[in-house]
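Undergrad: Below is one structure. I have some questions about it.
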Amino acid sequence: MWLLLSGEGVSDIGACHPAMDFCESTEFKAAPMAWFVDQCIELKLNYSHIDNHLVRFIGKQKLTELSKSLAQKKKLRLSGSKQKKETLYYRRNARAFAIEAKKLEQELNDTVVAVLFRDADGTQSSRRGEWQAKWDSMKNGFSEEGFNRGVPMIPNPKSEAWLLCAVKDNPYQHCTSLEDESGNDNSANPLKEQLKVALNGETTTDQLTELVKNKVIDISRIDMPSFNQFKDQLDYVLTA
Amino acid sequence: MIKSIKIDNFKSLVGFECELSKFSCLIGLNGAGKSTILQALDFLSQLMAGDMENWLELRHWDKSDLNSRLTRTSNITFEVVIDSLWGDITWRGSFNRSSLKCTQELVKLELVGETTESAYHSRDLRLFKVDDGQCSIGHVSKNHDFSELDSKGFQKALKPDSFPVVFKYSGSVLSGIIDKQLSPPLSALKKQLLQLKSLDLLAPDALRQRSQSSDKDLGLGGEKLSAFLSELNRQQQLELMDKLRVIYPSFKDFRIFHSKPGWKQLLISEVFNDHQIITEARHVNDGMLRLIAILAQTQTDHSFLLFDEIENGINPELVEQLVHWLQDATQQILVTTHSPMILNYLEDQAATEGVLLVYKTPEGYTRTKHFFEIPAMAEKLSVLGPGEVFIDTDLVALVKEINNSNVRIQ
């Protein structure tokens with residue numbers, strides 16, 4: 001089994017070094033969220049995909065181009081009871097990602113578990129759209145392309161909430177309330193700042209990556225709906 | 001081209017400003033002020049034409065309908081910037097709604113300056129001013145070719161003249177000054193404003209009417225369509241019919257029938273299986289009549305065309321062609337729409353430059369924002385079509401978000 005990853009940028013899932021559209025494990029620099037995926041899988045399968053070089057990666061820019069090519073001017077999917085607003089972006093990205101995952105399965109002649117990371121609320125301040133609808137939409141995007149090993153990874157509102165939950169003094173308390181906070185870095189008491197305080201300023205990508213790798217930031221301590229749903233779906237595709 | 005407008009105290013437009021492109025498209029919730037923006041542009045055009053009383057009557061408005069109920073200011077102030085051969089021309093003014101006159105006006109030209117190694121020199125040249133019942137205007141010596149003048153030459157060519165405004169006028173003082181007395185830049189400004197045509201009230205009933213008048217232009221609601229079509233020259237008529245055949249394969253031609261002296265009636269001829277059917281305009285479908293009116297306008301010498309809810313009555317199948325024609329039109333175009341189809345046929349760059357979200361602040365003031373320059377919308381546009389982004393966006397929440405972020409910036 002192989003792992004296909006894609007995310008927002010260098011600080012969440014990671015990136016290719018040197019920068020390129022696609023890369024293999026040796027050129028992939030994993031960031032905290034990639035290690036989260038890897039550790040969740042390791043709990044189930046007892047081996048690390050990152051350490052065993054079983055990872056492939058697609059950069060956001062490439063996935064964006066592939067997603068855009070799926071837009072058809074004449075075919076508009078109307079929003080309504082079956083498709084809620086603020087979800088199409090997730091669905092379209094998931095479709096393009098599923099197409100690439102299926103291609104990779106053929107190329108490797110092996111199964112591929114594809115994890116797509118997106119912030120739920122990266123640049124907003126008023127929480128447009130429901131988190132669940134975005135998650136469902138990404139899942140529907142995978143299904144639309146007939147791919148059933150896709151896993152949406154959508155921290156609510158963004159990855160700092162998960163990291164913060166993992167390092168809170170009382171991990172099992174109040175993490176759910178983090179999901180009600182704004183993902184906007186300009187808001188009052190932004191999550192980024194809260195994380196900085198909790199980790200004594202050690203929040204560069206490299207520092208966070210080390211903390212996750214060394215399990216100082218411990219995924220077993222995270223108990224919040226957006227993380228649990230990600231983990232459940234990942235467990236499901238691993239056992240299906 | 002009109003590059004931007006500012007207007008204060010016109011209906012919900014308080015401290016309003018808006019940049020316009022060659023093709024601009026206004027989107028937004030009902031009541032945000034999209035149609036008001038069209039009306040404001042028509043108002044500015046009418047200031048140049050004069051006869052404000054008649055304009056109010058045509059719109060069934062009273063003087064008191066003009067100003068905003070959100071402020072206590074009395075006058076309507078405005079600024080229009082157009083581009084020209086010589087540089088940007090700015091027209092500012094203050095309109096008194098009791099007298100229906102501009103009591104203050106200023107027109108200045110920002111001369112395209114010479115670029116030297118150290119700097120780009122540009123300078124403003126005052127072309128026209130009205131203040132305190134006194135008018136000053138730069139007259140032109142006939143020997144000058146304005147297109148070839150540099151800034152110094154330009155200034156010399158204009159002979160300032162000052163006189164009291166003792167003549168009757170309505171709207172802008174410029175409406176009462178004959179074209180011969182205007183310098184080429186002033187004349188260009190006046191022409192640009194006069195050639196603006198707003199069809200913000202286009203209605204099927206009005207389009208269907210037979211017309212008696214031989215006016216050269218459509219009424220606000222599309223009245224006098226038959227007379228207007230008959231006034232187009234043959235070439236314009238043929239081009240219009242060619243376009244109609246592209247979207248209505250059964251369409252053969254239209255003709256204007258003079259039913260009785262002075263009356264003009266539009267007849268549409270269609271062919272079905274070699275069988276020709278001629279239909280009077282009053283029995284023709286709404287969509288076709290609207291398209292005839294819209295496309296006919298693109299055959300005229302108007303420089304700026306405004307259409308409210310452009311998609312009304314038009315089958316989605318025809319939208320693609322319509323959008324292409326409007327984008328390719330020689331005129332500057334401004335439309336309002338609620339249709340994601342219209343937006344989806346725009347290229348991303350055209351959408352980024354031309355699509356403006358119209359929204360209201362908590363105080364009720366209308367504002368615009370380039371929709372696809374909002375970071376979250378730009379992100380969505382990177383993977384979706386412009387119409388898809390529009391359909392997928394919760395506009396109520398987005399407006400709230402914009403208003404919240406504006407409060408934070410303040």
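Each chain in the structure tokens gets a letter, A, B and so on, in the order shown; residues start at 1 in every chain, and ligands are counted from 1 in the order they appear.
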What's around Thr368 (chain B) at 10 Å? Count only C-alpha atoms, leave out sequence neighbours fewer than 6 positions away in its own chain, and write the answer as a PyMOL selection string.
TA: chain B and resi 16-19+26-28+32-34+37+355-360
Undergrad: Can you check which parts of chain A lie within 10 Å of chain B? Per residue, the shortest pair of atoms and distance in Å to one decimal, counting only C-alpha atoms, sorted by chain and number, as a tab-separated table.
TA:
residue	atom	partner	partner_atom	distance
A:Gln61	CA	B:Ser382	CA	9.2
A:Leu63	CA	B:Val383	CA	8.7
A:Thr64	CA	B:Val383	CA	5.5
A:Glu65	CA	B:Val383	CA	6.9
A:Leu66	CA	B:Val383	CA	8.0
A:Ser67	CA	B:Val383	CA	5.2
A:Lys68	CA	B:Val383	CA	4.1
A:Ser69	CA	B:Val383	CA	7.9
A:Leu70	CA	B:Leu384	CA	8.2
A:Ala71	CA	B:Leu384	CA	5.8
A:Gln72	CA	B:Gly385	CA	7.4
A:Lys73	CA	B:Asn344	CA	5.6
A:Lys74	CA	B:Met341	CA	7.6
A:Lys75	CA	B:Met341	CA	9.0
A:Leu76	CA	B:Glu388	CA	6.5
A:Arg77	CA	B:Glu388	CA	7.5
A:Leu78	CA	B:Ile391	CA	6.8
A:Ser79	CA	B:Asp392	CA	6.6
A:Gly80	CA	B:Asp392	CA	9.8
A:Gln83	CA	B:Asp392	CA	9.0
A:Lys84	CA	B:Asp392	CA	7.6
A:Lys85	CA	B:Asp392	CA	4.6
A:Glu86	CA	B:Asp392	CA	5.1
A:Thr87	CA	B:Asp392	CA	6.8
A:Leu88	CA	B:Asp392	CA	6.3
A:Tyr89	CA	B:Lys380	CA	5.8
A:Tyr90	CA	B:Lys380	CA	9.2
A:Arg92	CA	B:Val383	CA	7.0
A:Asn93	CA	B:Val383	CA	7.2
A:Ala96	CA	B:Val383	CA	9.8
A:Asp121	CA	B:Ala376	CA	9.4
A:Gly122	CA	B:Ala376	CA	8.4
A:Thr123	CA	B:Ala376	CA	6.2
A:Gln124	CA	B:Ala376	CA	7.2
A:Ser125	CA	B:Glu401	CA	6.1
A:Ser126	CA	B:Glu401	CA	5.4
A:Arg127	CA	B:Ala397	CA	8.0
A:Arg128	CA	B:Ala397	CA	5.9
A:Gly129	CA	B:Asp394	CA	7.4
A:Asn186	CA	B:Arg408	CA	9.2
A:Ser187	CA	B:Arg408	CA	9.1
Undergrad: Among region 144-287 of chain B, which ones does DSSP place in alpha helix (DSSP H), written as an NGL selection string?
TA: :B and (151-157 or 184-194 or 204-208 or 225-231 or 234-247 or 286-287)
Undergrad: May I have the residues within 6 Å of Leu207 (chain B) as a list in words, using only C-alpha atoms and disregarding those fewer than 5 positions away in the same chain?
TA: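 Non-adjacent residues within range: Gly222, Glu223 and Leu225 of chain B.
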Undergrad: With all heavy atoms retained, export the selected residues as an mmCIF file, in the first residue's frame.
TA:
data_model
loop_
_atom_site.group_PDB
_atom_site.id
_atom_site.type_symbol
_atom_site.label_atom_id
_atom_site.label_comp_id
_atom_site.auth_asym_id
_atom_site.auth_seq_id
_atom_site.Cartn_x
_atom_site.Cartn_y
_atom_site.Cartn_z
ATOM 1 N N GLY B 222 -37.489 50.272 -23.633
ATOM 2 C CA GLY B 222 -37.442 49.589 -24.917
ATOM 3 C C GLY B 222 -38.566 50.039 -25.837
ATOM 4 O O GLY B 222 -38.783 49.453 -26.904
ATOM 5 N N GLU B 223 -39.281 51.105 -25.423
ATOM 6 C CA GLU B 223 -40.328 51.626 -26.287
ATOM 7 C C GLU B 223 -39.694 52.095 -27.603
ATOM 8 O O GLU B 223 -38.525 52.435 -27.634
ATOM 9 C CB GLU B 223 -41.045 52.834 -25.650
ATOM 10 C CG GLU B 223 -41.623 52.616 -24.280
ATOM 11 C CD GLU B 223 -40.618 52.936 -23.178
ATOM 12 O OE1 GLU B 223 -39.413 52.981 -23.456
ATOM 13 O OE2 GLU B 223 -41.069 53.105 -22.031
ATOM 14 N N LEU B 225 -39.125 50.442 -30.276
ATOM 15 C CA LEU B 225 -38.171 49.498 -30.879
ATOM 16 C C LEU B 225 -38.300 49.495 -32.399
ATOM 17 O O LEU B 225 -37.300 49.505 -33.120
ATOM 18 C CB LEU B 225 -38.393 48.077 -30.315
ATOM 19 C CG LEU B 225 -37.532 46.973 -30.908
ATOM 20 C CD1 LEU B 225 -36.045 47.202 -30.613
ATOM 21 C CD2 LEU B 225 -37.935 45.596 -30.383
#
Undergrad: Select, from B:Leu174, B:Leu158, B:Leu13, B:Leu238, the residue with the minimum atom-to-atom distance to Leu194 (chain B), counting only C-alpha atoms.
TA: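 Residue with the minimum atom-to-atom distance to Leu194 (chain B): B:Leu174.
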Undergrad: As a PyMOL selection string, please: every residue in region 127-278 of chain B that a backbone DSSP assignment puts in strand (DSSP E).
TA: chain B and resi 127-131+134-140+158-164+196-199+251-257+265-272+275-278
Undergrad: So that I can see what lies close to Asn96 (chain B), please list as a PyMOL selection string the residues with an atom at most 8 Å from it, counting only C-alpha atoms and leaving out residues fewer than 4 positions away in the same chain.
TA: chain B and resi 74-76+100-103
Undergrad: Contacts of Phe43 (chain B) at 12 Å or less, counting only C-alpha atoms, minus same-chain residues fewer than 6 places along, as a PyMOL selection string?
TA: chain B and resi 5+7+10-11+36-37+49-56+59+61+66-67+76-78+80+95+97+100+171-172+193-194+196-198
Undergrad: Env of Gly146 (chain A): 10 Å cut, atoms = only C-alpha atoms, seq-sep filter 5 positions within chain, self excluded. Answer as a list in words.
TA: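 Residues meeting the cut-off are Arg95, Ala98, Ile99, Lys102, Asn140 and Gly141 of chain A.
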Undergrad: Can you tell me how far CA of Val335 (chain B) sits from CA of Thr352 (chain B), in Å to one decimal?
TA: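 Taking CA of Val335 (chain B) as the start and CA of Thr352 (chain B) as the end point, the length is 15.1 Å.
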Undergrad: Can you tell me how far CA of Leu44 (chain B) sits from CA of Cys25 (chain B), in Å to one decimal?
TA: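 These atoms are spaced 19.1 Å apart.
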Undergrad: Using only C-alpha atoms for the distances, tell me which of A:Asn148, A:Asp119, A:Asn156, A:Phe57 is nearest to Tyr236 (chain A).
TA: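 Checking each candidate against Tyr236 (chain A), we get A:Asn148 as the closest.
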Undergrad: For Leu266 (chain B), which residue among B:Ala203, B:Leu229, B:Val165, B:Val14 is the nearest when counting only C-alpha atoms?
TA: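 Among the listed residues, the smallest separation from Leu266 (chain B) belongs to B:Leu229.
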Undergrad: Rounded to one decimal in Å, what is the spacing between CA of Gln134 (chain B) and CA of Ser162 (chain B)?
TA: 7.1 Å
